[in-house]
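Novice: coords-v7.pdb (PDB, C-alpha atoms) pasted underneath:
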```
ATOM      1  CA  MET A   5     255.076  53.940 235.840
ATOM      2  CA  SER A   6     257.974  56.362 235.689
ATOM      3  CA  PRO A   7     259.262  57.183 232.181
ATOM      4  CA  THR A   8     262.607  55.762 233.280
ATOM      5  CA  THR A   9     261.288  52.498 234.742
ATOM      6  CA  PRO A  10     263.210  49.611 233.095
ATOM      7  CA  VAL A  11     261.128  47.288 230.998
ATOM      8  CA  CYS A  12     261.523  43.656 229.942
ATOM      9  CA  ARG A  13     263.608  43.348 226.791
ATOM     10  CA  SER A  14     261.130  40.823 225.434
ATOM     11  CA  CYS A  15     257.543  41.745 226.359
ATOM     12  CA  ARG A  16     258.247  45.391 227.357
ATOM     13  CA  ALA A  17     256.428  44.993 230.658
ATOM     14  CA  PRO A  18     257.843  47.092 233.520
ATOM     15  CA  LEU A  19     260.332  45.241 235.694
ATOM     16  CA  ASP A  20     259.513  44.997 239.390
ATOM     17  CA  PRO A  21     261.994  46.433 241.919
ATOM     18  CA  LEU A  22     263.397  42.989 242.850
ATOM     19  CA  THR A  23     264.112  42.107 239.214
ATOM     20  CA  GLN A  24     265.755  45.501 238.751
ATOM     21  CA  ARG A  25     268.009  44.934 241.758
ATOM     22  CA  ARG A  26     269.033  41.537 240.402
ATOM     23  CA  GLY A  27     270.190  43.225 237.226
ATOM     24  CA  VAL A  28     268.097  41.002 234.953
ATOM     25  CA  GLY A  29     266.800  42.543 231.744
ATOM     26  CA  TYR A  30     263.877  40.139 231.448
ATOM     27  CA  CYS A  31     260.764  39.600 233.535
ATOM     28  CA  ASP A  32     259.835  36.285 235.146
ATOM     29  CA  ALA A  33     257.361  35.202 232.459
ATOM     30  CA  ALA A  34     258.349  31.785 231.100
ATOM     31  CA  ALA A  35     258.486  32.990 227.480
ATOM     32  CA  CYS A  36     260.694  35.926 228.424
ATOM     33  CA  ARG A  37     263.055  33.784 230.487
ATOM     34  CA  HIS A  38     263.302  31.422 227.526
ATOM     35  CA  LYS A  39     264.260  34.325 225.276
ATOM     36  CA  ALA A  40     266.826  35.420 227.849
ATOM     37  CA  ALA A  41     268.379  31.949 227.844
ATOM     38  CA  ASP A  42     268.471  31.952 224.036
ATOM     39  CA  ALA A  43     270.096  35.388 224.018
ATOM     40  CA  ARG A  44     272.697  34.238 226.525
ATOM     41  CA  THR A  45     273.493  31.139 224.446
ATOM     42  CA  SER A  46     273.738  33.217 221.280
ATOM     43  CA  LEU A  47     276.235  35.605 222.887
ATOM     44  CA  ILE A  48     278.343  32.744 224.249
ATOM     45  CA  ARG A  49     278.439  31.018 220.875
ATOM     46  CA  LYS A  50     279.310  34.250 219.075
ATOM     47  CA  ALA A  51     282.169  35.007 221.455
ATOM     48  CA  LEU A  52     283.371  31.397 221.355
ATOM     49  CA  ALA A  53     283.303  31.303 217.545
ATOM     50  CA  ALA A  54     285.443  34.438 217.474
ATOM     51  CA  ALA A  55     288.080  33.152 219.900
ATOM     52  CA  ALA A  56     288.104  29.398 219.352
ATOM     53  CA  PRO A  57     289.806  29.089 215.934
ATOM     54  CA  ALA A  58     292.968  30.899 217.074
ATOM     55  CA  ALA A  59     292.981  28.954 220.343
ATOM     56  CA  ALA A  60     292.653  25.675 218.469
ATOM     57  CA  ALA A  61     295.429  26.633 216.052
ATOM     58  CA  ALA A  62     297.707  27.440 218.983
ATOM     59  CA  GLN A  63     297.268  23.853 220.222
ATOM     60  CA  LEU A  64     298.090  22.434 216.779
ATOM     61  CA  PRO A  65     301.342  24.036 215.582
ATOM     62  CA  HIS A  66     301.261  22.205 212.246
ATOM     63  CA  LEU A  67     298.290  24.309 211.102
ATOM     64  CA  SER A  68     299.274  27.163 208.820
ATOM     65  CA  LYS A  69     296.132  29.129 209.698
ATOM     66  CA  PRO A  70     293.171  28.907 212.092
ATOM     67  CA  PRO A  71     290.559  26.344 211.104
ATOM     68  CA  ALA A  72     287.416  27.568 209.358
ATOM     69  CA  PRO A  73     284.509  27.360 209.423
ATOM     70  CA  VAL A  74     283.331  26.728 212.970
ATOM     71  CA  VAL A  75     280.448  24.228 212.954
ATOM     72  CA  TRP A  76     278.192  23.324 215.859
ATOM     73  CA  LEU A  77     277.116  19.834 216.888
ATOM     74  CA  LYS A  78     274.516  18.817 219.452
ATOM     75  CA  ARG A  79     275.564  16.578 222.311
ATOM     76  CA  TRP A  80     274.829  12.912 221.673
ATOM     77  CA  GLU A  81     275.996  10.197 224.054
ATOM     78  CA  PRO A  82     274.809   6.864 222.608
ATOM     79  CA  GLU A  83     274.194   3.991 224.993
ATOM     80  CA  ILE A  84     274.625   0.485 223.637
ATOM     81  CA  VAL A  85     272.080  -2.219 224.470
ATOM     82  CA  GLU A  86     271.715  -5.820 223.350
ATOM     83  CA  THR A  87     269.550  -6.440 220.306
ATOM     84  CA  THR A  88     266.766  -8.545 221.773
ATOM     85  CA  ARG A  89     264.826 -11.426 220.255
ATOM     86  CA  GLU A  90     261.698  -9.264 220.456
ATOM     87  CA  GLU A  91     263.381  -6.543 218.402
ATOM     88  CA  ARG A  92     264.520  -9.060 215.799
ATOM     89  CA  ASP A  93     261.037 -10.558 215.583
ATOM     90  CA  ALA A  94     259.437  -7.122 215.247
ATOM     91  CA  HIS A  95     261.898  -6.181 212.523
ATOM     92  CA  ARG A  96     261.180  -9.424 210.654
ATOM     93  CA  ALA A  97     257.447  -8.709 210.858
ATOM     94  CA  TYR A  98     258.048  -5.212 209.474
ATOM     95  CA  LEU A  99     260.174  -6.422 206.553
ATOM     96  CA  GLU A 100     257.695  -9.152 205.695
ATOM     97  CA  ALA A 101     254.900  -6.566 205.730
ATOM     98  CA  VAL A 102     256.968  -4.393 203.391
ATOM     99  CA  VAL A 103     257.100  -7.282 200.935
ATOM    100  CA  ALA A 104     253.476  -8.360 201.358
ATOM    101  CA  GLU A 105     252.096  -4.833 201.017
ATOM    102  CA  ASN A 106     254.700  -3.510 198.568
ATOM    103  CA  ARG A 107     255.362  -0.634 200.964
ATOM    104  CA  THR A 108     257.195   2.416 199.702
ATOM    105  CA  ILE A 109     258.233   5.311 201.919
ATOM    106  CA  ASP A 110     256.953   8.690 200.748
ATOM    107  CA  ARG A 111     260.228  10.430 199.847
ATOM    108  CA  GLY A 112     258.442  13.753 200.009
ATOM    109  CA  ARG A 113     258.465  13.420 203.790
ATOM    110  CA  LEU A 114     262.242  13.061 203.886
ATOM    111  CA  SER A 115     265.025  15.601 203.537
ATOM    112  CA  PRO A 116     266.605  15.936 200.090
ATOM    113  CA  SER A 117     269.945  14.244 199.506
ATOM    114  CA  THR A 118     272.727  16.807 199.931
ATOM    115  CA  ALA A 119     275.597  14.678 201.268
ATOM    116  CA  ASP A 120     278.847  14.655 199.280
ATOM    117  CA  ASP A 121     281.050  11.636 199.965
ATOM    118  CA  ARG A 122     284.052  12.979 198.073
ATOM    119  CA  HIS A 123     285.520  14.767 201.091
ATOM    120  CA  PRO A 124     286.883  12.765 204.053
ATOM    121  CA  GLN A 125     286.336  15.753 206.355
ATOM    122  CA  GLY A 126     282.634  14.984 206.138
ATOM    123  CA  ALA A 127     282.988  11.403 207.341
ATOM    124  CA  ARG A 128     285.222  12.592 210.168
ATOM    125  CA  LEU A 129     282.616  15.141 211.194
ATOM    126  CA  CYS A 130     279.990  12.381 211.412
ATOM    127  CA  GLY A 131     282.370  10.403 213.619
ATOM    128  CA  GLN A 132     282.804  13.416 215.898
ATOM    129  CA  CYS A 133     279.022  13.832 216.044
ATOM    130  CA  ARG A 134     278.559  10.111 216.837
ATOM    131  CA  GLY A 135     275.579   9.753 214.540
ATOM    132  CA  ARG A 136     272.872  11.755 216.254
ATOM    133  CA  CYS A 137     270.799  11.927 213.064
ATOM    134  CA  CYS A 138     270.633   8.102 212.987
ATOM    135  CA  GLU A 139     268.289   8.331 215.961
ATOM    136  CA  HIS A 140     265.488   8.932 213.449
ATOM    137  CA  GLY A 141     266.130   5.517 211.943
ATOM    138  CA  GLY A 142     264.474   3.929 214.965
ATOM    139  CA  ASP A 143     260.960   5.148 214.220
ATOM    140  CA  TRP A 144     261.477   4.741 210.467
ATOM    141  CA  ARG A 145     262.834   1.154 210.646
ATOM    142  CA  ALA A 146     266.122   2.203 209.046
ATOM    143  CA  PHE A 147     264.042   3.695 206.195
ATOM    144  CA  LEU A 148     263.824   0.259 204.623
ATOM    145  CA  ASP A 149     261.046  -0.226 202.068
ATOM    146  CA  ILE A 150     260.353  -2.284 198.959
ATOM    147  CA  THR A 151     262.678  -0.059 196.919
ATOM    148  CA  VAL A 152     265.670  -1.006 199.089
ATOM    149  CA  LEU A 153     264.781  -4.698 199.139
ATOM    150  CA  GLU A 154     264.252  -4.697 195.368
ATOM    151  CA  ARG A 155     267.669  -3.159 194.846
ATOM    152  CA  TRP A 156     269.240  -6.014 196.831
ATOM    153  CA  ARG A 157     267.136  -8.691 195.090
ATOM    154  CA  ALA A 158     267.897  -7.395 191.604
ATOM    155  CA  GLU A 159     271.634  -7.991 191.964
ATOM    156  CA  ALA A 160     271.192 -11.697 191.187
ATOM    157  CA  PRO A 161     268.343 -13.413 189.275
ATOM    158  CA  GLU A 162     267.963 -16.240 191.789
ATOM    159  CA  ARG A 163     267.297 -13.928 194.724
ATOM    160  CA  THR A 164     263.788 -13.598 196.145
ATOM    161  CA  PHE A 165     262.212 -10.995 198.405
ATOM    162  CA  GLN A 166     262.249 -13.525 201.228
ATOM    163  CA  ASP A 167     266.002 -13.801 200.687
ATOM    164  CA  ALA A 168     266.162 -10.012 201.024
ATOM    165  CA  VAL A 169     264.295 -10.160 204.320
ATOM    166  CA  GLU A 170     266.733 -12.766 205.637
ATOM    167  CA  ALA A 171     269.725 -10.777 204.393
ATOM    168  CA  TYR A 172     268.655  -7.610 206.203
ATOM    169  CA  LEU A 173     267.883  -9.560 209.352
ATOM    170  CA  ALA A 174     271.368 -11.078 209.178
ATOM    171  CA  MET A 175     272.863  -7.574 209.116
ATOM    172  CA  LEU A 176     271.346  -6.679 212.496
ATOM    173  CA  PRO A 177     274.173  -6.259 215.030
ATOM    174  CA  ALA A 178     274.332  -8.074 218.339
ATOM    175  CA  ALA A 179     274.016  -4.695 220.078
ATOM    176  CA  HIS A 180     272.767  -1.306 218.949
ATOM    177  CA  VAL A 181     272.349   2.274 220.140
ATOM    178  CA  ASP A 182     269.462   2.463 222.581
ATOM    179  CA  GLY A 183     266.449   4.348 221.240
ATOM    180  CA  ALA A 184     267.921   4.737 217.775
ATOM    181  CA  CYS A 185     268.153   2.684 214.602
ATOM    182  CA  LEU A 186     268.583  -1.050 215.179
ATOM    183  CA  TYR A 187     271.539  -1.001 212.794
ATOM    184  CA  GLN A 188     273.380   1.827 214.570
ATOM    185  CA  THR A 189     276.452   0.935 216.629
ATOM    186  CA  THR A 190     279.160   3.052 218.228
ATOM    187  CA  ALA A 191     281.324   2.211 215.211
ATOM    188  CA  GLY A 192     278.681   3.467 212.783
ATOM    189  CA  CYS A 193     276.075   1.651 210.731
ATOM    190  CA  ALA A 194     276.157  -2.148 210.728
ATOM    191  CA  MET A 195     275.012  -2.104 207.102
ATOM    192  CA  PRO A 196     277.498  -1.485 204.280
ATOM    193  CA  ARG A 197     276.839   1.827 202.547
ATOM    194  CA  GLU A 198     275.452   0.120 199.450
ATOM    195  CA  ARG A 199     272.794  -1.670 201.555
ATOM    196  CA  ARG A 200     271.414   1.412 203.272
ATOM    197  CA  ALA A 201     268.405   3.465 202.286
ATOM    198  CA  GLU A 202     269.221   6.526 200.188
ATOM    199  CA  ILE A 203     268.365   8.960 202.986
ATOM    200  CA  CYS A 204     270.972   7.373 205.262
ATOM    201  CA  ASN A 205     273.771   8.088 202.801
ATOM    202  CA  GLY A 206     272.293  11.270 201.376
ATOM    203  CA  PHE A 207     271.255  13.332 204.390
ATOM    204  CA  ALA A 208     273.539  16.206 205.345
ATOM    205  CA  CYS A 209     272.867  18.374 208.394
ATOM    206  CA  ASP A 210     273.797  22.082 208.391
ATOM    207  CA  ALA A 211     277.196  21.335 209.915
ATOM    208  CA  LEU A 212     277.994  18.677 207.321
ATOM    209  CA  GLU A 213     276.910  20.938 204.473
ATOM    210  CA  ALA A 214     279.249  23.676 205.785
ATOM    211  CA  VAL A 215     282.158  21.227 206.010
ATOM    212  CA  GLN A 216     281.437  19.883 202.523
ATOM    213  CA  LYS A 217     281.415  23.425 201.124
ATOM    214  CA  ALA A 218     284.750  24.229 202.775
ATOM    215  CA  ALA A 219     286.333  21.005 201.521
ATOM    216  CA  ALA A 220     284.994  21.577 197.998
ATOM    217  CA  SER A 221     286.717  24.977 197.945
ATOM    218  CA  ASP A 222     289.916  23.631 199.515
ATOM    219  CA  PRO A 223     290.464  19.841 199.699
ATOM    220  CA  ALA A 224     292.997  20.402 202.495
ATOM    221  CA  ALA A 225     290.591  22.511 204.564
ATOM    222  CA  ALA A 226     290.659  22.225 208.352
ATOM    223  CA  VAL A 227     287.407  22.950 210.191
ATOM    224  CA  LEU A 228     286.555  23.334 213.859
ATOM    225  CA  ALA A 229     283.664  21.231 215.186
ATOM    226  CA  ILE A 230     282.286  22.208 218.591
ATOM    227  CA  THR A 231     279.818  20.001 220.431
ATOM    228  CA  PHE A 232     277.887  22.523 222.497
ATOM    229  CA  ASP A 233     275.459  21.683 225.304
ATOM    230  CA  ARG A 234     273.870  23.906 227.956
ATOM    231  CA  ASP A 235     276.242  26.772 227.182
ATOM    232  CA  ARG A 236     279.280  24.556 227.655
ATOM    233  CA  VAL A 237     281.743  22.909 225.289
ATOM    234  CA  ASP A 238     281.166  19.180 225.605
ATOM    235  CA  ARG A 239     284.025  18.415 223.211
ATOM    236  CA  ALA A 240     285.751  20.030 220.261
ATOM    237  CA  ALA A 241     288.047  18.938 217.468
ATOM    238  CA  VAL A 242     289.867  20.279 214.454
ATOM    239  CA  ILE A 243     288.999  18.078 211.502
ATOM    240  CA  GLU A 244     291.403  17.786 208.598
ATOM    241  CA  ARG A 245     291.378  15.600 205.524
ATOM    242  CA  GLY A 246     293.515  12.925 207.163
ATOM    243  CA  ALA A 247     293.027  13.361 210.901
ATOM    244  CA  THR A 248     290.774  14.525 213.721
ATOM    245  CA  HIS A 249     292.518  16.464 216.506
ATOM    246  CA  PRO A 250     290.711  16.993 219.854
ATOM    247  CA  VAL A 251     291.259  20.487 221.282
ATOM    248  CA  ASP A 252     290.469  22.087 224.637
ATOM    249  CA  LEU A 253     288.331  25.227 224.369
ATOM    250  CA  GLU A 254     287.110  25.497 227.964
ATOM    251  CA  ALA A 255     289.234  28.575 228.603
ATOM    252  CA  GLN A 256     287.595  30.351 225.669
ATOM    253  CA  LEU A 257     284.104  30.364 227.195
ATOM    254  CA  PRO A 258     283.189  33.970 228.100
ATOM    255  CA  GLN A 259     281.049  32.861 231.024
ATOM    256  CA  ARG A 260     281.760  35.571 233.582
ATOM    257  CA  ARG A 261     281.110  38.526 231.316
ATOM    258  CA  ILE A 262     277.971  37.093 229.764
ATOM    259  CA  THR A 263     276.655  35.694 233.039
ATOM    260  CA  ALA A 264     276.796  39.230 234.388
ATOM    261  CA  GLN A 265     274.333  40.255 231.645
ATOM    262  CA  PHE A 266     272.019  37.271 232.286
ATOM    263  CA  PRO A 267     272.558  36.347 235.939
ATOM    264  CA  ASP A 268     269.306  34.423 236.395
ATOM    265  CA  SER A 269     268.434  33.311 232.870
TER
END
```
What is this file in structure tokens?

Specialist:
Amino acid sequence: MSPTTPVCRSCRAPLDPLTQRRGVGYCDAAACRHKAADARTSLIRKALAAAAPAAAAAQLPHLSKPPAPVVWLKRWEPEIVETTREERDAHRAYLEAVVAENRTIDRGRLSPSTADDRHPQGARLCGQCRGRCCEHGGDWRAFLDITVLERWRAEAPERTFQDAVEAYLAMLPAAHVDGACLYQTTAGCAMPRERRAEICNGFACDALEAVQKAAASDPAAAVLAITFDRDRVDRAAVIERGATHPVDLEAQLPQRRITAQFPDS
């Protein structure tokens, strides 16, 4: 190998003549192509984060300054399906087993509660996200256990655990998000906040924590939420205390320049 032969940026293996002619800095190994794709995405996001706030502010003249911070959301397109009799029966069987076996979810397996409900920007961010994190409620049966049912039962002395089972069955919506929690709808959770498990109200993703921090420092803070998928902007919005404003950031994607660096990644 010549001392000047280009090598893969990842594994350092020499690049074959065809790869060199294509102008790709990575070899064809799957792991190296994956790293190339990650590097491309990172560059696109960095460039977009630098240009997007000013572009968003230009579309919203009432803003006194560009929104900050920029937070990233994953694409989530919920599909609504009818809540079937089989699903209702399975959920009843689960709740009755919770009562019979005094089941308690191991909180050590769940994320700590970091959500802060004092800032409306946070709720608006969740609406922009469309509740992707609620997908986990499907496998966990809405995180309902004896602790949640006991909390409901203890509100009135005449209530029984069987009453609690019936109450939570009655809260099931006629339709729910496919593959997610049975209580999740496109309008949010079918359960009132006070009826949900603690994790449902207390979980905050990285984006929500960033928005909460900004709003805690400045209650009037405006933030930019970008739903990013496959190196494209799926949707974006400036979120303020009292409103959510969709913005168009397609023109801010630096695709040509970055594609030239990663033509085949």

Novice: For the provided coordinates, the residues matched by the PyMOL selection byres ((chain A and resi 244-252) around 8) should be stated as a list in words.

Specialist: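 On this input, the PyMOL selection byres ((chain A and resi 244-252) around 8) captures Ala60, Gln63, His123, Pro124, Gln125, Arg128, Pro223, Ala224, Ala225, Ala226, Val227, Arg239, Ala240, Ala241, Val242, Ile243, Leu253, Glu254 and Ala255 of chain A.
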
Novice: Sort by chain and increasing residue number a table of all residues of stretch 202-225 of chain A within 12 Å of stretch 135-156 of chain A, each with its closest pair of atoms and their distance in Å to one decimal, counting only C-alpha atoms, and write it as a Markdown table.

Specialist:
```
| residue | atom | partner | partner_atom | distance |
| --- | --- | --- | --- | --- |
| A:Glu202 | CA | A:Val152 | CA | 8.4 |
| A:Ile203 | CA | A:Phe147 | CA | 7.5 |
| A:Cys204 | CA | A:Cys138 | CA | 7.8 |
| A:Asn205 | CA | A:Cys138 | CA | 10.7 |
| A:Gly206 | CA | A:Cys137 | CA | 11.8 |
| A:Phe207 | CA | A:Cys137 | CA | 8.8 |
| A:Ala208 | CA | A:Cys137 | CA | 9.2 |
| A:Cys209 | CA | A:Cys137 | CA | 8.2 |
| A:Asp210 | CA | A:Cys137 | CA | 11.6 |
| A:Ala211 | CA | A:Cys137 | CA | 11.8 |
| A:Leu212 | CA | A:Cys137 | CA | 11.4 |
```

Novice: Give me the residues within 8 Å of stretch 188-191 of chain A as a list in words, counting only C-alpha atoms and dropping any in the same chain fewer than 6 places off.

Specialist: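 Near neighbours after the sequence-gap exclusion: Pro82, Ile84, Arg134, Cys138, Pro177, Ala179, His180 and Val181 of chain A.
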
Novice: Could you tell me how far atom CA of A:Ile48 sits from atom CA of A:Ala33, in Å to one decimal place?

Specialist: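 So the two atoms, atom CA of A:Ala33 and atom CA of A:Ile48, lie 22.7 Å apart.
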
Novice: Given the file above and the PyMOL selection byres ((chain A and resi 90-104) around 8), which residues are selected, and can you give them as an MDAnalysis selection string?

Specialist: chainID A and resid 87:89 105:108 145 148:150 165:166 169 173 176

Novice: So which one's closest to A:Ala214, A:Ala229, A:Pro161, A:Val28, A:Val237? Using all atoms listed in the file, please.

Specialist: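 For A:Ala214, the nearest of the candidates is A:Ala229.
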
Novice: Might you pull out every residue within 9 Å of A:Cys12, with all atoms listed in the file counted and same-chain residues fewer than 6 positions away left off, and present them as a PDB file with C-alpha atoms, in the coordinates of the input?

Specialist:
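out_9.pdb written:
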```pdb
ATOM      1  CA  PRO A  18     257.843  47.092 233.520  1.00  0.00           C
ATOM      2  CA  LEU A  19     260.332  45.241 235.694  1.00  0.00           C
ATOM      3  CA  VAL A  28     268.097  41.002 234.953  1.00  0.00           C
ATOM      4  CA  GLY A  29     266.800  42.543 231.744  1.00  0.00           C
ATOM      5  CA  TYR A  30     263.877  40.139 231.448  1.00  0.00           C
ATOM      6  CA  CYS A  31     260.764  39.600 233.535  1.00  0.00           C
ATOM      7  CA  CYS A  36     260.694  35.926 228.424  1.00  0.00           C
TER       8      CYS A  36
END
```

Novice: Pick from A:Gly112, A:Gly192, A:Pro258, A:Pro73: nearest to A:Val215, with only C-alpha atoms counted?

Specialist: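 With only C-alpha atoms as the atom set, the closest residue is A:Pro73.
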
Novice: To one decimal in Å, tell me the separation between atom CA of A:Ala178 and atom CA of A:Val85.

Specialist: 8.8 Å

Novice: For atom CA of A:Gln216 and atom CA of A:Val75, quote the distance in Å rounded to one decimal.

Specialist: 11.3 Å

Novice: Find the residue from A:Arg26, A:Leu77, A:Leu47, A:Leu64 that sits nearest to A:Asp233; use only C-alpha atoms when measuring.

Specialist: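 Closest to A:Asp233, using only C-alpha atoms: A:Leu77.
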
Novice: Expanded to explicit residues, what is the PyMOL selection byres ((chain A and resi 235) around 9) for this file, as a ChimeraX atom specification?

Specialist: /A:44-45,48-49,232-234,236-237,257,259

Novice: I need the chosen residues saved as a PDB file, keeping the file's coordinate frame, with C-alpha atoms.

Specialist:
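Contents of part-v4.pdb, as written:
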```
ATOM      1  CA  ARG A  44     272.697  34.238 226.525  1.00  0.00           C
ATOM      2  CA  THR A  45     273.493  31.139 224.446  1.00  0.00           C
ATOM      3  CA  ILE A  48     278.343  32.744 224.249  1.00  0.00           C
ATOM      4  CA  ARG A  49     278.439  31.018 220.875  1.00  0.00           C
ATOM      5  CA  PHE A 232     277.887  22.523 222.497  1.00  0.00           C
ATOM      6  CA  ASP A 233     275.459  21.683 225.304  1.00  0.00           C
ATOM      7  CA  ARG A 234     273.870  23.906 227.956  1.00  0.00           C
ATOM      8  CA  ARG A 236     279.280  24.556 227.655  1.00  0.00           C
ATOM      9  CA  VAL A 237     281.743  22.909 225.289  1.00  0.00           C
ATOM     10  CA  LEU A 257     284.104  30.364 227.195  1.00  0.00           C
ATOM     11  CA  GLN A 259     281.049  32.861 231.024  1.00  0.00           C
TER      12      GLN A 259
END
```

Novice: Some atoms are absent from stretch 193-200 of chain A, so rebuild all heavy atoms and return them as a JSON list (two decimals), keeping the file's coordinate frame.

Specialist:
```
[["chain", "number", "residue", "atom", "x", "y", "z"],
["A", 193, "CYS", "N", 277.16, 2.52, 211.18],
["A", 193, "CYS", "CA", 276.08, 1.65, 210.73],
["A", 193, "CYS", "C", 276.58, 0.23, 210.49],
["A", 193, "CYS", "O", 277.65, 0.02, 209.92],
["A", 193, "CYS", "CB", 275.47, 2.20, 209.45],
["A", 193, "CYS", "SG", 274.02, 1.28, 208.88],
["A", 194, "ALA", "N", 275.79, -0.74, 210.94],
["A", 194, "ALA", "CA", 276.16, -2.15, 210.73],
["A", 194, "ALA", "C", 275.96, -2.57, 209.28],
["A", 194, "ALA", "O", 276.50, -3.60, 208.86],
["A", 194, "ALA", "CB", 275.33, -3.04, 211.65],
["A", 195, "MET", "N", 275.21, -1.79, 208.52],
["A", 195, "MET", "CA", 275.01, -2.10, 207.10],
["A", 195, "MET", "C", 276.10, -1.46, 206.25],
["A", 195, "MET", "O", 276.47, -0.30, 206.49],
["A", 195, "MET", "CB", 273.65, -1.58, 206.62],
["A", 195, "MET", "CG", 272.46, -2.36, 207.07],
["A", 195, "MET", "SD", 270.93, -1.77, 206.26],
["A", 195, "MET", "CE", 270.59, -0.30, 207.23],
["A", 196, "PRO", "N", 276.62, -2.14, 205.25],
["A", 196, "PRO", "CA", 277.50, -1.48, 204.28],
["A", 196, "PRO", "C", 276.76, -0.33, 203.60],
["A", 196, "PRO", "O", 275.52, -0.35, 203.49],
["A", 196, "PRO", "CB", 277.82, -2.60, 203.28],
["A", 196, "PRO", "CG", 277.51, -3.87, 203.99],
["A", 196, "PRO", "CD", 276.38, -3.57, 204.93],
["A", 197, "ARG", "N", 277.48, 0.65, 203.14],
["A", 197, "ARG", "CA", 276.84, 1.83, 202.55],
["A", 197, "ARG", "C", 275.89, 1.46, 201.42],
["A", 197, "ARG", "O", 274.81, 2.03, 201.27],
["A", 197, "ARG", "CB", 277.90, 2.80, 202.02],
["A", 197, "ARG", "CG", 278.72, 3.48, 203.10],
["A", 197, "ARG", "CD", 279.63, 4.54, 202.51],
["A", 197, "ARG", "NE", 278.87, 5.62, 201.92],
["A", 197, "ARG", "CZ", 278.36, 6.65, 202.58],
["A", 197, "ARG", "NH1", 278.49, 6.72, 203.90],
["A", 197, "ARG", "NH2", 277.70, 7.61, 201.97],
["A", 198, "GLU", "N", 276.27, 0.47, 200.61],
["A", 198, "GLU", "CA", 275.45, 0.12, 199.45],
["A", 198, "GLU", "C", 274.15, -0.58, 199.83],
["A", 198, "GLU", "O", 273.26, -0.74, 199.00],
["A", 198, "GLU", "CB", 276.25, -0.75, 198.48],
["A", 198, "GLU", "CG", 276.62, -2.13, 198.99],
["A", 198, "GLU", "CD", 277.93, -2.15, 199.76],
["A", 198, "GLU", "OE1", 278.44, -1.05, 200.12],
["A", 198, "GLU", "OE2", 278.45, -3.26, 200.00],
["A", 199, "ARG", "N", 274.02, -1.01, 201.10],
["A", 199, "ARG", "CA", 272.79, -1.67, 201.56],
["A", 199, "ARG", "C", 271.83, -0.72, 202.25],
["A", 199, "ARG", "O", 270.70, -1.09, 202.56],
["A", 199, "ARG", "CB", 273.14, -2.83, 202.50],
["A", 199, "ARG", "CG", 274.00, -3.91, 201.88],
["A", 199, "ARG", "CD", 273.34, -4.50, 200.66],
["A", 199, "ARG", "NE", 274.15, -5.55, 200.05],
["A", 199, "ARG", "CZ", 274.11, -5.85, 198.76],
["A", 199, "ARG", "NH1", 273.31, -5.16, 197.95],
["A", 199, "ARG", "NH2", 274.85, -6.82, 198.27],
["A", 200, "ARG", "N", 272.25, 0.48, 202.52],
["A", 200, "ARG", "CA", 271.41, 1.41, 203.27],
["A", 200, "ARG", "C", 270.38, 2.10, 202.37],
["A", 200, "ARG", "O", 270.54, 2.16, 201.16],
["A", 200, "ARG", "CB", 272.29, 2.48, 203.93],
["A", 200, "ARG", "CG", 273.34, 1.93, 204.85],
["A", 200, "ARG", "CD", 274.29, 3.02, 205.31],
["A", 200, "ARG", "NE", 275.54, 2.46, 205.83],
["A", 200, "ARG", "CZ", 276.63, 3.17, 206.09],
["A", 200, "ARG", "NH1", 276.63, 4.47, 205.87],
["A", 200, "ARG", "NH2", 277.72, 2.57, 206.54]]
```
